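File shown here: upload_32.txt, holding compact mmCIF, C-alpha atoms.
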```
# COMPACT_ATOMS: atom_id res chain seq x y z
CA MET A 1 16.03 -10.48 14.13
CA ALA A 2 15.88 -6.68 13.80
CA THR A 3 12.77 -4.90 15.06
CA GLY A 4 11.35 -1.94 13.17
CA VAL A 5 8.23 -0.29 11.84
CA LEU A 6 6.21 -1.07 8.72
CA TYR A 7 3.83 1.68 7.66
CA VAL A 8 1.27 2.54 5.01
CA MET A 9 0.42 6.06 3.83
CA SER A 10 -2.29 7.47 1.59
CA THR A 11 -1.72 10.00 -1.21
CA VAL A 12 -3.91 12.62 -2.86
CA VAL A 13 -4.39 10.18 -5.74
CA PRO A 14 -7.15 7.65 -4.96
CA GLY A 15 -5.80 4.12 -5.27
CA LEU A 16 -2.15 5.17 -4.92
CA ILE A 17 -0.44 4.42 -1.60
CA LYS A 18 3.03 4.19 -0.08
CA ILE A 19 4.30 1.20 1.89
CA GLY A 20 7.61 1.55 3.71
CA LYS A 21 9.74 0.75 6.72
CA THR A 22 11.81 2.65 9.26
CA ALA A 23 13.55 2.19 12.60
CA THR A 24 11.19 2.52 15.56
CA ASP A 25 13.04 5.50 17.03
CA ARG A 26 12.95 7.30 13.67
CA PHE A 27 9.25 6.80 12.94
CA ASP A 28 8.02 10.27 13.99
CA ASP A 29 10.85 12.04 12.13
CA ARG A 30 10.27 9.89 9.03
CA MET A 31 6.55 10.68 9.01
CA TYR A 32 7.23 14.38 9.43
CA VAL A 33 9.59 14.43 6.45
CA LEU A 34 7.29 12.41 4.22
CA GLU A 35 4.14 14.34 5.13
CA HIS A 36 5.85 17.69 4.58
CA ASN A 37 8.08 16.98 1.58
CA GLY A 38 7.70 13.36 0.45
CA TYR A 39 8.11 13.08 -3.34
CA ASN A 40 8.50 16.88 -3.38
CA ASN A 41 5.06 17.19 -1.79
CA VAL A 42 3.37 16.18 -5.04
CA THR A 43 1.56 13.14 -3.64
CA GLY A 44 0.34 14.61 -0.32
CA LEU A 45 1.40 11.64 1.82
CA LYS A 46 -0.51 11.00 5.06
CA ARG A 47 0.21 8.27 7.62
CA LYS A 48 -2.62 5.74 8.00
CA PHE A 49 -1.24 2.73 9.86
CA ALA A 50 2.07 1.62 11.37
CA ILE A 51 3.12 -1.45 13.30
CA GLU A 52 6.38 -2.45 14.99
CA VAL A 53 7.35 -6.01 14.05
CA GLU A 54 10.30 -8.36 14.34
CA ASP A 55 12.37 -9.05 11.22
CA TYR A 56 10.87 -6.01 9.54
CA ASP A 57 13.30 -6.11 6.58
CA GLU A 58 12.08 -9.57 5.62
CA LYS A 59 8.43 -8.63 6.12
CA GLU A 60 8.84 -5.59 3.88
CA ARG A 61 10.37 -7.79 1.19
CA MET A 62 7.38 -10.11 1.54
CA LEU A 63 5.01 -7.16 1.05
CA ASP A 64 6.98 -6.04 -1.99
CA ASP A 65 6.68 -9.54 -3.48
CA ILE A 66 2.95 -9.76 -2.76
CA PHE A 67 2.22 -6.38 -4.33
CA ALA A 68 4.97 -6.42 -6.99
CA LYS A 69 2.56 -6.06 -9.92
CA ALA A 70 0.99 -2.98 -8.33
CA ARG A 71 4.29 -1.18 -7.68
CA VAL A 72 5.13 2.08 -9.44
CA PRO A 73 8.61 1.43 -10.90
CA GLY A 74 11.47 3.06 -9.02
CA SER A 75 9.39 4.04 -5.97
CA GLU A 76 7.66 2.77 -2.84
CA LEU A 77 4.30 3.74 -4.30
CA PHE A 78 1.71 1.11 -5.16
CA ALA A 79 -1.49 1.27 -7.21
CA LEU A 80 -3.39 -0.54 -4.49
CA ASP A 81 -6.45 -0.31 -2.26
CA LEU A 82 -5.37 1.37 0.98
CA ASP A 83 -7.59 -0.83 3.14
CA LEU A 84 -6.18 -4.02 1.65
CA ALA A 85 -2.68 -2.90 2.69
CA ILE A 86 -3.87 -1.91 6.18
CA GLU A 87 -5.70 -5.23 6.51
CA LEU A 88 -2.50 -7.13 5.77
CA LEU A 89 -0.20 -5.04 7.99
CA SER A 90 -2.61 -5.12 10.93
CA SER A 91 -2.70 -8.92 10.75
CA PHE A 92 1.01 -9.10 11.66
CA GLU A 93 2.07 -9.91 15.20
CA GLY A 94 3.48 -6.72 16.67
CA ARG A 95 2.92 -3.47 18.52
CA GLN A 96 0.68 -0.91 16.88
CA ILE A 97 2.42 2.46 16.54
CA PHE A 98 -0.21 4.45 14.63
CA PRO A 99 -2.97 5.18 15.25
CA GLU A 100 -2.29 5.03 18.98
CA PRO A 101 -4.07 2.02 20.52
CA THR A 102 -5.91 4.39 22.86
CA GLN A 103 -7.64 5.77 19.76
CA GLU A 104 -8.13 2.56 17.78
CA SER A 105 -6.96 -0.92 18.73
CA LYS A 106 -5.25 -3.19 16.19
CA GLN A 107 -8.40 -5.32 16.05
CA GLN A 108 -10.55 -2.27 15.39
CA VAL A 109 -8.20 -1.10 12.64
CA PHE A 110 -8.27 -4.59 11.11
CA ASP A 111 -12.07 -4.83 11.27
CA VAL A 112 -12.53 -1.40 9.67
CA ALA A 113 -9.98 -2.20 6.96
CA VAL A 114 -11.71 -5.49 6.14
CA ARG A 115 -15.09 -3.76 5.97
CA ASN A 116 -13.76 -0.92 3.83
CA HIS A 117 -11.92 -3.27 1.48
CA THR A 118 -15.08 -5.35 1.05
CA GLU A 119 -16.97 -2.17 0.17
CA PHE A 120 -14.19 -1.07 -2.20
CA THR A 121 -14.37 -4.41 -3.99
CA ALA A 122 -18.16 -4.13 -4.28
CA VAL A 123 -17.91 -0.61 -5.70
CA GLN A 124 -15.66 -1.89 -8.50
CA SER A 125 -18.59 -4.01 -9.71
CA ILE A 126 -20.74 -0.95 -10.52
CA PRO A 127 -20.61 -0.34 -14.30
CA ASP A 128 -19.48 3.05 -15.53
CA GLY A 129 -22.41 5.37 -16.08
CA VAL A 130 -24.82 7.79 -14.41
CA TYR A 131 -27.09 6.77 -11.53
CA PHE A 132 -29.97 8.61 -9.91
CA LEU A 133 -31.33 9.35 -6.44
CA SER A 134 -34.80 10.87 -6.48
CA ARG A 135 -37.56 11.49 -3.97
CA LYS A 136 -40.72 13.57 -3.79
CA ARG A 137 -40.66 14.95 -0.23
CA PRO A 138 -38.58 16.99 0.16
CA PRO A 139 -37.88 16.93 -3.58
CA LEU A 140 -34.51 15.61 -4.74
CA ASP A 141 -33.21 14.64 -8.15
CA VAL A 142 -29.45 14.05 -8.07
CA GLU A 143 -27.06 12.26 -10.41
CA MET A 144 -23.96 10.26 -9.43
CA THR A 145 -21.32 9.51 -12.05
CA VAL A 146 -19.34 6.27 -11.85
CA GLU A 147 -16.09 6.03 -13.79
CA ASN A 148 -13.42 3.39 -13.20
CA GLY A 149 -14.73 2.73 -9.70
CA ALA A 150 -14.79 6.43 -8.76
CA LEU A 151 -18.14 7.75 -7.48
CA THR A 152 -18.63 11.47 -8.11
CA ILE A 153 -21.41 14.00 -7.57
CA ARG A 154 -20.86 16.94 -9.88
CA THR A 155 -20.99 20.60 -8.97
CA GLY A 156 -24.18 22.60 -9.47
CA GLN A 157 -26.67 19.97 -8.30
CA HIS A 158 -29.21 20.62 -5.54
CA VAL A 159 -29.13 18.36 -2.46
CA ALA A 160 -30.91 18.35 0.92
CA GLY A 161 -30.26 21.57 2.81
CA ASN A 162 -30.39 20.20 6.38
CA ASP A 163 -28.45 17.53 8.27
CA SER A 164 -30.18 14.80 10.23
CA PRO A 165 -28.88 13.99 13.75
CA SER A 166 -28.12 10.49 12.43
CA LEU A 167 -25.56 11.80 9.92
CA ASP A 168 -22.00 10.64 10.63
CA LYS A 169 -19.20 13.15 11.07
CA THR A 170 -17.50 12.32 7.75
CA ALA A 171 -20.61 13.01 5.69
CA ARG A 172 -21.38 16.07 7.81
CA ALA A 173 -17.91 17.48 7.08
CA LEU A 174 -18.25 16.76 3.35
CA ARG A 175 -21.57 18.58 3.26
CA ARG A 176 -20.26 21.54 5.25
CA ASP A 177 -17.26 21.95 2.95
CA ASN A 178 -19.00 21.42 -0.39
CA ILE A 179 -22.61 22.66 -0.18
CA ASP A 180 -23.66 26.32 -0.12
CA VAL A 181 -26.47 27.84 1.96
CA HIS A 182 -28.96 27.13 -0.83
CA GLY A 183 -28.16 23.41 -0.95
CA VAL A 184 -26.13 23.66 -4.17
CA VAL A 185 -23.01 21.49 -4.55
CA ARG A 186 -20.03 23.84 -4.98
CA ASN A 187 -17.37 21.30 -6.05
CA ASP A 188 -17.17 17.91 -7.67
CA VAL A 189 -17.11 15.49 -4.71
CA ARG A 190 -15.78 11.92 -4.79
CA PHE A 191 -17.01 9.16 -2.49
CA SER A 192 -15.74 5.80 -1.31
CA SER A 193 -19.17 4.13 -1.27
CA PRO A 194 -22.71 4.59 -2.59
CA SER A 195 -23.98 4.99 1.00
CA GLN A 196 -21.55 7.84 1.67
CA ALA A 197 -22.73 9.54 -1.54
CA ALA A 198 -26.39 9.03 -0.57
CA ALA A 199 -25.78 10.47 2.91
CA PHE A 200 -24.16 13.51 1.31
CA VAL A 201 -27.23 14.02 -0.89
CA THR A 202 -29.97 13.36 1.66
CA GLY A 203 -28.30 14.70 4.81
CA SER A 204 -29.10 11.49 6.69
CA SER A 205 -27.74 7.96 7.07
CA SER A 206 -28.68 6.07 3.92
CA ASN A 207 -28.28 2.71 2.20
CA GLY A 208 -26.91 3.92 -1.10
CA TRP A 209 -27.06 0.46 -2.65
CA THR A 210 -30.86 0.66 -2.61
CA GLN A 211 -31.27 4.44 -3.07
CA TRP A 212 -29.09 4.94 -6.15
CA LYS A 213 -30.83 3.57 -9.22
CA THR A 214 -30.24 2.99 -12.89
CA LYS A 215 -32.04 4.98 -15.57
CA ASP A 216 -34.75 2.32 -15.68
CA GLY A 217 -35.27 2.47 -11.89
CA LYS A 218 -33.35 -0.61 -10.70
CA PRO A 219 -31.25 -0.29 -7.50
CA ILE A 220 -27.50 -0.60 -7.99
CA ALA A 221 -27.57 -3.42 -5.43
CA GLN A 222 -28.16 -5.64 -8.47
CA PHE A 223 -24.45 -5.19 -9.33
CA ARG A 224 -23.22 -6.17 -5.90
CA ALA A 225 -21.76 -9.67 -5.63
CA HIS A 226 -23.67 -11.97 -3.29
CA ASP A 227 -22.49 -15.14 -1.61
CA ASP A 228 -23.99 -18.31 -3.01
```
Target format structure tokens, applied to this file:
Amino acid sequence: MATGVLYVMSTVVPGLIKIGKTATDRFDDRMYVLEHNGYNNVTGLKRKFAIEVEDYDEKERMLDDIFAKARVPGSELFALDLDLAIELLSSFEGRQIFPEPTQESKQQVFDVAVRNHTEFTAVQSIPDGVYFLSRKRPPLDVEMTVENGALTIRTGQHVAGNDSPSLDKTARALRRDNIDVHGVVRNDVRFSSPSQAAAFVTGSSSNGWTQWKTKDGKPIAQFRAHDD
């Protein structure tokens, strides 16, 4: 059985990913080519997870069969949740190639992918529309647009001007890159979860499922599926 690498890459298009294979000794070169000129650089490919497995040709065919309905014809691109693909690849027996195990172990990658996929699935249950986060002190009144599972805060809105020490680095970077010195959002910003959007608005760790509300004041947690 031949040994090789299965990998998954993100693109600049949310919900569009690449799944592929390569020889172990060609992995770095393959990633370099794809990240610098894959699909003529239109899709902005970025490596997200890679694992060395036995019988990698057969395992890639299995992945192609599983995700056949999501495949973009004539390509290795799939209209698929990135974390679902990572969850499946990281469940294979094999040696993790990327990220390096010293940064994140295979179990950590799997756990994060499961958590993110669960959140992704929950987000799809939020009906299209506009939702609101408001508070009196300090005053905030921000709208979040949901369309086809995409959560967006539009440019021109006022959000909290200061970051709390509890804010995670992802939300901190989003705020730094998209909010001006007056607390005004400079660009439309998309989010992977309501809590990430709420943290962006408030400058602190937040449960967006309870903070974002419908026009009649009901938390969007009402749309989230619960176990019986």
Using only C-alpha atoms: which of A:His182, A:Arg30, A:Gln96, A:Ser206 has the shortest distance to A:Ser164:
A:Ser206
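Minimum atom-to-atom distances from A:Gln196, A:His158, A:Pro139, A:Met9 to A:Ala173 were compared using all atoms listed in the file, and the lowest value belongs to A:Gln196.
Closest approach to A:Asp64 from the set A:Gly15, A:Pro99, A:Gly38, A:Gly20 is made by A:Gly20, with distances taken over all atoms listed in the file.
The smallest atom-to-atom distance between A:Arg26 and any of A:Val12, A:Leu45, A:Ile86, A:Val5, using only C-alpha atoms, is found for A:Val5.
Here the question is which of A:Asp83, A:Glu35, A:Asp57, A:Asp141 gets nearest to A:Pro14 using only C-alpha atoms, and that residue is A:Asp83.
Across the structure, atom CA of A:Pro101 and atom CA of A:Leu82 are spaced 19.6 Å apart.
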Selection near A:Leu167, 7 Å with only C-alpha atoms, sequence-local residues under 4 positions removed, as an NGL selection string
:A and (163 or 171-172 or 203-205)
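Counting only C-alpha atoms and comparing A:Leu140, A:Leu84, A:Ala199, A:Val33, the residue that lies closest to A:Pro165 is A:Ala199.
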Env of A:Asp128: 8 Å cut, atoms = only C-alpha atoms, seq-sep filter 6 positions within chain, self excluded. Answer as an MDAnalysis selection string.
chainID A and resid 145:149
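Using all atoms listed in the file, the contacts of A:Ser134 at a cut-off of 12 Å, with sequence neighbours closer than 5 positions omitted, comprise A:Pro139, A:Leu140, A:Asp141, A:Val142, A:Glu143, A:Met144, A:His158, A:Val159, A:Ala160, A:Ala198, A:Val201, A:Thr202, A:Gly208, A:Thr210, A:Gln211, A:Trp212, A:Lys213, A:Thr214, A:Lys215, A:Gly217, A:Pro219.
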Return stretch 162-183 of chain A, completed with N, CA, C and O atoms, as an mmCIF file, keeping the file's coordinate frame.
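Everything below was put into selection07.cif:
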```cif
data_model
loop_
_atom_site.group_PDB
_atom_site.id
_atom_site.type_symbol
_atom_site.label_atom_id
_atom_site.label_comp_id
_atom_site.auth_asym_id
_atom_site.auth_seq_id
_atom_site.Cartn_x
_atom_site.Cartn_y
_atom_site.Cartn_z
ATOM 1 N N ASN A 162 -30.583 20.392 4.932
ATOM 2 C CA ASN A 162 -30.390 20.200 6.380
ATOM 3 C C ASN A 162 -29.792 18.838 6.696
ATOM 4 O O ASN A 162 -30.022 17.859 5.981
ATOM 5 N N ASP A 163 -29.038 18.784 7.800
ATOM 6 C CA ASP A 163 -28.450 17.530 8.270
ATOM 7 C C ASP A 163 -29.335 16.885 9.320
ATOM 8 O O ASP A 163 -29.851 17.564 10.210
ATOM 9 N N SER A 164 -29.477 15.571 9.217
ATOM 10 C CA SER A 164 -30.180 14.800 10.230
ATOM 11 C C SER A 164 -29.233 14.512 11.389
ATOM 12 O O SER A 164 -28.020 14.389 11.191
ATOM 13 N N PRO A 165 -29.744 14.373 12.616
ATOM 14 C CA PRO A 165 -28.880 13.990 13.750
ATOM 15 C C PRO A 165 -28.174 12.659 13.533
ATOM 16 O O PRO A 165 -27.135 12.403 14.145
ATOM 17 N N SER A 166 -28.721 11.810 12.667
ATOM 18 C CA SER A 166 -28.120 10.490 12.430
ATOM 19 C C SER A 166 -26.908 10.545 11.504
ATOM 20 O O SER A 166 -26.190 9.553 11.366
ATOM 21 N N LEU A 167 -26.646 11.691 10.891
ATOM 22 C CA LEU A 167 -25.560 11.800 9.920
ATOM 23 C C LEU A 167 -24.205 11.655 10.594
ATOM 24 O O LEU A 167 -23.941 12.297 11.612
ATOM 25 N N ASP A 168 -23.322 10.820 10.015
ATOM 26 C CA ASP A 168 -22.000 10.640 10.630
ATOM 27 C C ASP A 168 -21.119 11.845 10.357
ATOM 28 O O ASP A 168 -21.382 12.660 9.472
ATOM 29 N N LYS A 169 -20.022 11.938 11.114
ATOM 30 C CA LYS A 169 -19.200 13.150 11.070
ATOM 31 C C LYS A 169 -18.491 13.319 9.726
ATOM 32 O O LYS A 169 -18.245 14.451 9.287
ATOM 33 N N THR A 170 -18.164 12.205 9.043
ATOM 34 C CA THR A 170 -17.500 12.320 7.750
ATOM 35 C C THR A 170 -18.422 12.951 6.717
ATOM 36 O O THR A 170 -18.041 13.891 6.007
ATOM 37 N N ALA A 171 -19.653 12.451 6.632
ATOM 38 C CA ALA A 171 -20.610 13.010 5.690
ATOM 39 C C ALA A 171 -20.971 14.440 6.060
ATOM 40 O O ALA A 171 -21.149 15.302 5.191
ATOM 41 N N ARG A 172 -21.060 14.706 7.357
ATOM 42 C CA ARG A 172 -21.380 16.070 7.810
ATOM 43 C C ARG A 172 -20.293 17.049 7.363
ATOM 44 O O ARG A 172 -20.582 18.156 6.909
ATOM 45 N N ALA A 173 -19.020 16.616 7.484
ATOM 46 C CA ALA A 173 -17.910 17.480 7.080
ATOM 47 C C ALA A 173 -17.900 17.689 5.566
ATOM 48 O O ALA A 173 -17.653 18.806 5.081
ATOM 49 N N LEU A 174 -18.190 16.631 4.811
ATOM 50 C CA LEU A 174 -18.250 16.760 3.350
ATOM 51 C C LEU A 174 -19.336 17.738 2.929
ATOM 52 O O LEU A 174 -19.137 18.562 2.022
ATOM 53 N N ARG A 175 -20.481 17.673 3.587
ATOM 54 C CA ARG A 175 -21.570 18.580 3.260
ATOM 55 C C ARG A 175 -21.204 20.026 3.639
ATOM 56 O O ARG A 175 -21.442 20.966 2.871
ATOM 57 N N ARG A 176 -20.628 20.195 4.790
ATOM 58 C CA ARG A 176 -20.260 21.540 5.250
ATOM 59 C C ARG A 176 -19.263 22.201 4.295
ATOM 60 O O ARG A 176 -19.361 23.392 4.008
ATOM 61 N N ASP A 177 -18.328 21.395 3.783
ATOM 62 C CA ASP A 177 -17.260 21.950 2.950
ATOM 63 C C ASP A 177 -17.643 22.119 1.486
ATOM 64 O O ASP A 177 -16.959 22.837 0.749
ATOM 65 N N ASN A 178 -18.725 21.462 1.053
ATOM 66 C CA ASN A 178 -19.000 21.420 -0.390
ATOM 67 C C ASN A 178 -20.411 21.827 -0.811
ATOM 68 O O ASN A 178 -20.735 21.754 -1.993
ATOM 69 N N ILE A 179 -21.236 22.256 0.146
ATOM 70 C CA ILE A 179 -22.610 22.660 -0.180
ATOM 71 C C ILE A 179 -22.829 24.092 0.306
ATOM 72 O O ILE A 179 -22.480 24.428 1.440
ATOM 73 N N ASP A 180 -23.428 24.941 -0.551
ATOM 74 C CA ASP A 180 -23.660 26.320 -0.120
ATOM 75 C C ASP A 180 -24.968 26.436 0.659
ATOM 76 O O ASP A 180 -25.674 25.431 0.873
ATOM 77 N N VAL A 181 -25.297 27.632 1.093
ATOM 78 C CA VAL A 181 -26.470 27.840 1.960
ATOM 79 C C VAL A 181 -27.775 27.524 1.251
ATOM 80 O O VAL A 181 -28.816 27.353 1.891
ATOM 81 N N HIS A 182 -27.734 27.435 -0.066
ATOM 82 C CA HIS A 182 -28.960 27.130 -0.830
ATOM 83 C C HIS A 182 -29.058 25.644 -1.182
ATOM 84 O O HIS A 182 -29.968 25.243 -1.917
ATOM 85 N N GLY A 183 -28.123 24.838 -0.669
ATOM 86 C CA GLY A 183 -28.160 23.410 -0.950
ATOM 87 C C GLY A 183 -27.571 23.036 -2.298
ATOM 88 O O GLY A 183 -27.838 21.947 -2.811
#
```
